[in-house]
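Inspection log for the structure reproduced underneath, given as structure tokens.
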Amino acid sequence: MLPEQHDILFSFLSIMFAVFALYVFGNVIQHCREREGINSTLWGGIFGAMAITCFLMTVHMFSLVQGDQLVFFFSTYLWTILFILLVWGVFFKSNKIERQSAPIIRAFFFYTTISVLLAGYTNWLPQQRSDPPPKEAAVVGDMTMEEFAEMGRVIIFGAKQVAGQKSIGKGQCPLCHTFDPGDHMGRCPNLFGVEKRSHDRVKEDRYATSPVAVGEVEPASGIVKGKHDEVPEEYRRAGGPDEFIGEDYLRESLMCPTCYVVKGFGKANDTKSPMPVIVKPPISLSRVEVNAVVAYLQSKDTPGEFASVTVPLPQDDAGNTGGAVVEEDSGGDEEEGPVFVTGNEDIQTMINTLGCPLCHTIPGVEGAVGELGPKLHEKINAPERIKDPNYKGKATNTKEYVKESILCPGCYVVFNEEAGESYPDGLMPTTFGEQLSVRALDKLVDFISQTEPPAGS
């Protein structure tokens, strides 16, 4: 369990302590009513105040994270309960109430019952398994085009969708793109109808000249625009017509996003795309994976029909030199596990596995030049943001702020001064708490807390 989560055991005990204080109050009131000569106002006021105190302390416990809960529980709450037991004993002794079991005995049976309930409660809770990082996807035997397009869909959206969460696969496409007709809420173009548009784009006058001209090298990706036969060999189309076709445009859009930027979706007057190069870290799609994504994009608007798909199947691809493994099915039913970072990895691997470079520029991490989110210069930025009147989080120092930003991205949304508006809330995943061990989280926080702009920038 991560430090920023509630501790189930101590949250449960705090509730039970409040119930116990209420029970003691009720017990005292009962004795006051049954016996004459007992000052019910005095004792009722004392135990009533203690019951209210325990209730307020329980509420406070739920406003704390795990580490603070433990400190508060042992430094304050536990001593309060012991004090209640002591005063309860004084009440019995001073009023000479006989034939009553000692308070400590009743307390023993009370907490024994609690322990049994707690054991049952914790075993009833769904168990969370921390799986290792997923294995590299493998192409098993010969595939049909339907299976190949489905592979592309999984690369885009992931194998499983969790209710209430954005479905995102290895390709990370849904972070910025939308796919349904009429949905234009993404930061990048809606990909509904992209197969048809891919044939039209290459004929536009704007495509021929902006941002770079056909035949020129786009610096960030190293791709020669509009020349399918000059694409790096490991991704180059094998066979087909000599002219630049829709398939080539889709592949170029994946490998060289800035070769052509759709109007209204780029930076610097639509001359620079915010989209990362997906054949480079951290996504690093192979040839087969790129072709699978293209197959899905070409067929997604006509479910069950694949006549518009022009990419070859892996077993028929003459250019497939091992970008993905082709192997026979071993007969196993092993499922792909979720992404999980243990902290044993080096910081570059951790950051790439989590996909941080897709959106952030991170000094010291190769290829981390994303622009969808703020630059991570937290050694300088974090202290200033904590002082921001709009900051409503709980961090008091840089490390606490970085940790909070990872686990609760919406707690404070950074203002993008260049665009004159805040970065979009909801773009950063909220699932990192499930993907990081405590050790990995601490390692990541330590690194990001020291990031600062390069010298001379």
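As shown in the structure tokens, the chain order sets the letters A, B, ...; within each chain, residues go from 1, and ligands are also counted from 1 in the order they appear.
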List the spatial neighbours of A:Ser210 as a list of chain:residue names - criterion: any atom at most 9 Å away, only C-alpha atoms, same-chain residues fewer than 6 positions off excluded. A:Cys259, A:Tyr260, A:Val261, A:Asp270, A:Thr271
Show which residues sit within 9 Å of A:Leu444, as a ChimeraX atom specification. Count only C-alpha atoms, and ignore same-chain residues fewer than 4 positions away. /A:343,347,350-351,403,439-440,448-449
So that I can check the secondary structure, give me every residue of stretch 147-225 of chain A assigned helix (DSSP H, G or I) by backbone DSSP, as a ChimeraX atom specification. /A:147-157,173-175,194-201,205-209
Who sits within 12 Å of stretch 183-189 of chain A, only C-alpha atoms, same chain under 3 positions skipped, as a ChimeraX atom specification: /A:173-180,192-194,197,253,257,261-267,270,273-276,359,371-373,423-427
Would you kindly return, as number ranges by chain, each protein, DNA or RNA residue with an atom no farther than 10 Å from any atom of stretch 70-73 of chain A, considering only C-alpha atoms and excluding same-chain residues fewer than 2 positions away? A: 6-7, 10-11, 13-14, 57-58, 60-61, 64-68, 75-80
Close residues, A:Thr342 itself excluded, 9 Å, only C-alpha atoms, min 5 positions apart in chain, as number ranges by chain: A: 132-133, 350, 435-441
Suppose we keep N, CA and C atoms; can you now write the selection as a PDB file, in the first residue's frame?
```
ATOM      1  N   PRO A 132       4.346  -8.298 -12.762  1.00  0.00           N
ATOM      2  CA  PRO A 132       5.516  -7.702 -13.395  1.00  0.00           C
ATOM      3  C   PRO A 132       5.126  -7.014 -14.687  1.00  0.00           C
ATOM      4  N   PRO A 133       6.022  -6.213 -15.278  1.00  0.00           N
ATOM      5  CA  PRO A 133       5.718  -5.555 -16.537  1.00  0.00           C
ATOM      6  C   PRO A 133       5.333  -6.570 -17.597  1.00  0.00           C
ATOM      7  N   MET A 350      12.195   3.198 -15.950  1.00  0.00           N
ATOM      8  CA  MET A 350      10.978   3.480 -15.190  1.00  0.00           C
ATOM      9  C   MET A 350      10.135   4.548 -15.873  1.00  0.00           C
ATOM     10  N   GLN A 435       0.524   1.368 -10.307  1.00  0.00           N
ATOM     11  CA  GLN A 435       1.588   0.879 -11.180  1.00  0.00           C
ATOM     12  C   GLN A 435       2.975   1.015 -10.557  1.00  0.00           C
ATOM     13  N   LEU A 436       3.047   1.618  -9.392  1.00  0.00           N
ATOM     14  CA  LEU A 436       4.341   1.880  -8.758  1.00  0.00           C
ATOM     15  C   LEU A 436       4.402   1.229  -7.380  1.00  0.00           C
ATOM     16  N   SER A 437       5.485   0.515  -7.109  1.00  0.00           N
ATOM     17  CA  SER A 437       5.725   0.061  -5.747  1.00  0.00           C
ATOM     18  C   SER A 437       6.154   1.270  -4.914  1.00  0.00           C
ATOM     19  N   VAL A 438       6.167   1.115  -3.599  1.00  0.00           N
ATOM     20  CA  VAL A 438       6.604   2.212  -2.728  1.00  0.00           C
ATOM     21  C   VAL A 438       8.040   2.605  -3.064  1.00  0.00           C
ATOM     22  N   ARG A 439       8.882   1.600  -3.295  1.00  0.00           N
ATOM     23  CA  ARG A 439      10.279   1.876  -3.633  1.00  0.00           C
ATOM     24  C   ARG A 439      10.376   2.635  -4.955  1.00  0.00           C
ATOM     25  N   ALA A 440       9.592   2.211  -5.952  1.00  0.00           N
ATOM     26  CA  ALA A 440       9.621   2.882  -7.253  1.00  0.00           C
ATOM     27  C   ALA A 440       9.129   4.320  -7.139  1.00  0.00           C
ATOM     28  N   LEU A 441       8.070   4.522  -6.357  1.00  0.00           N
ATOM     29  CA  LEU A 441       7.539   5.872  -6.185  1.00  0.00           C
ATOM     30  C   LEU A 441       8.582   6.783  -5.547  1.00  0.00           C
TER      31      LEU A 441
END
```
Non-local contacts of stretch 15-18 of chain A (7 Å; only C-alpha atoms; under 6 positions in same chain excluded) as a list in words: Ala51, Cys54, Phe55 and Thr58 of chain A
Could you list, as a PDB file with N, CA and C atoms, in the first residue's frame, every residue within 10 Å of A:Val279, counting only C-alpha atoms and ignoring same-chain residues fewer than 2 positions away?
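And here's out.pdb as it stands now:
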```
ATOM      1  N   GLY A 171       0.186   2.250 -27.391  1.00  0.00           N
ATOM      2  CA  GLY A 171       0.367   3.388 -28.299  1.00  0.00           C
ATOM      3  C   GLY A 171       0.013   4.729 -27.692  1.00  0.00           C
ATOM      4  N   SER A 221      12.328  13.742 -36.449  1.00  0.00           N
ATOM      5  CA  SER A 221      12.152  12.308 -36.704  1.00  0.00           C
ATOM      6  C   SER A 221      13.190  11.736 -37.652  1.00  0.00           C
ATOM      7  N   TYR A 235      10.996  -0.121 -41.311  1.00  0.00           N
ATOM      8  CA  TYR A 235       9.577   0.235 -41.341  1.00  0.00           C
ATOM      9  C   TYR A 235       9.056   0.457 -42.757  1.00  0.00           C
ATOM     10  N   LEU A 254       2.484   8.494 -38.040  1.00  0.00           N
ATOM     11  CA  LEU A 254       2.915   7.836 -36.813  1.00  0.00           C
ATOM     12  C   LEU A 254       4.405   8.052 -36.556  1.00  0.00           C
ATOM     13  N   MET A 255       5.191   8.005 -37.622  1.00  0.00           N
ATOM     14  CA  MET A 255       6.643   8.072 -37.488  1.00  0.00           C
ATOM     15  C   MET A 255       7.186   9.494 -37.562  1.00  0.00           C
ATOM     16  N   CYS A 256       6.381  10.387 -38.145  1.00  0.00           N
ATOM     17  CA  CYS A 256       6.830  11.769 -38.306  1.00  0.00           C
ATOM     18  C   CYS A 256       5.630  12.709 -38.152  1.00  0.00           C
ATOM     19  N   PRO A 276       4.181  12.593 -30.027  1.00  0.00           N
ATOM     20  CA  PRO A 276       5.529  12.003 -30.044  1.00  0.00           C
ATOM     21  C   PRO A 276       5.726  11.088 -31.239  1.00  0.00           C
ATOM     22  N   VAL A 277       6.966  10.793 -31.547  1.00  0.00           N
ATOM     23  CA  VAL A 277       7.300   9.824 -32.598  1.00  0.00           C
ATOM     24  C   VAL A 277       7.144   8.436 -31.982  1.00  0.00           C
ATOM     25  N   PRO A 281      11.471   5.706 -28.185  1.00  0.00           N
ATOM     26  CA  PRO A 281      11.064   5.613 -26.786  1.00  0.00           C
ATOM     27  C   PRO A 281      10.209   6.817 -26.388  1.00  0.00           C
ATOM     28  N   PRO A 282       9.233   6.646 -25.502  1.00  0.00           N
ATOM     29  CA  PRO A 282       9.002   5.421 -24.726  1.00  0.00           C
ATOM     30  C   PRO A 282       8.077   4.409 -25.373  1.00  0.00           C
ATOM     31  N   ILE A 283       7.415   4.751 -26.504  1.00  0.00           N
ATOM     32  CA  ILE A 283       6.439   3.826 -27.086  1.00  0.00           C
ATOM     33  C   ILE A 283       7.146   2.738 -27.893  1.00  0.00           C
ATOM     34  N   SER A 284       8.000   3.161 -28.825  1.00  0.00           N
ATOM     35  CA  SER A 284       8.874   2.236 -29.564  1.00  0.00           C
ATOM     36  C   SER A 284       8.110   1.087 -30.216  1.00  0.00           C
ATOM     37  N   LEU A 285       7.138   1.410 -31.075  1.00  0.00           N
ATOM     38  CA  LEU A 285       6.421   0.361 -31.791  1.00  0.00           C
ATOM     39  C   LEU A 285       7.325  -0.290 -32.831  1.00  0.00           C
ATOM     40  N   SER A 286       7.181  -1.594 -32.981  1.00  0.00           N
ATOM     41  CA  SER A 286       7.936  -2.330 -33.997  1.00  0.00           C
ATOM     42  C   SER A 286       7.256  -2.187 -35.357  1.00  0.00           C
ATOM     43  N   ARG A 287       7.872  -2.747 -36.368  1.00  0.00           N
ATOM     44  CA  ARG A 287       7.296  -2.704 -37.712  1.00  0.00           C
ATOM     45  C   ARG A 287       5.920  -3.358 -37.731  1.00  0.00           C
ATOM     46  N   GLU A 289       3.889  -3.861 -35.266  1.00  0.00           N
ATOM     47  CA  GLU A 289       2.939  -3.085 -34.478  1.00  0.00           C
ATOM     48  C   GLU A 289       2.460  -1.846 -35.221  1.00  0.00           C
ATOM     49  N   VAL A 290       3.363  -1.177 -35.923  1.00  0.00           N
ATOM     50  CA  VAL A 290       2.965  -0.014 -36.730  1.00  0.00           C
ATOM     51  C   VAL A 290       1.985  -0.450 -37.807  1.00  0.00           C
TER      52      VAL A 290
END
```
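Nearest residue to A:Asp229, choosing from A:Glu36, A:Asp242, A:Glu216, A:Asp346 and counting only C-alpha atoms: A:Asp242.
The interatomic distance for the pair atom CA of A:Leu297 and atom CA of A:Thr144 works out to 16.1 Å.
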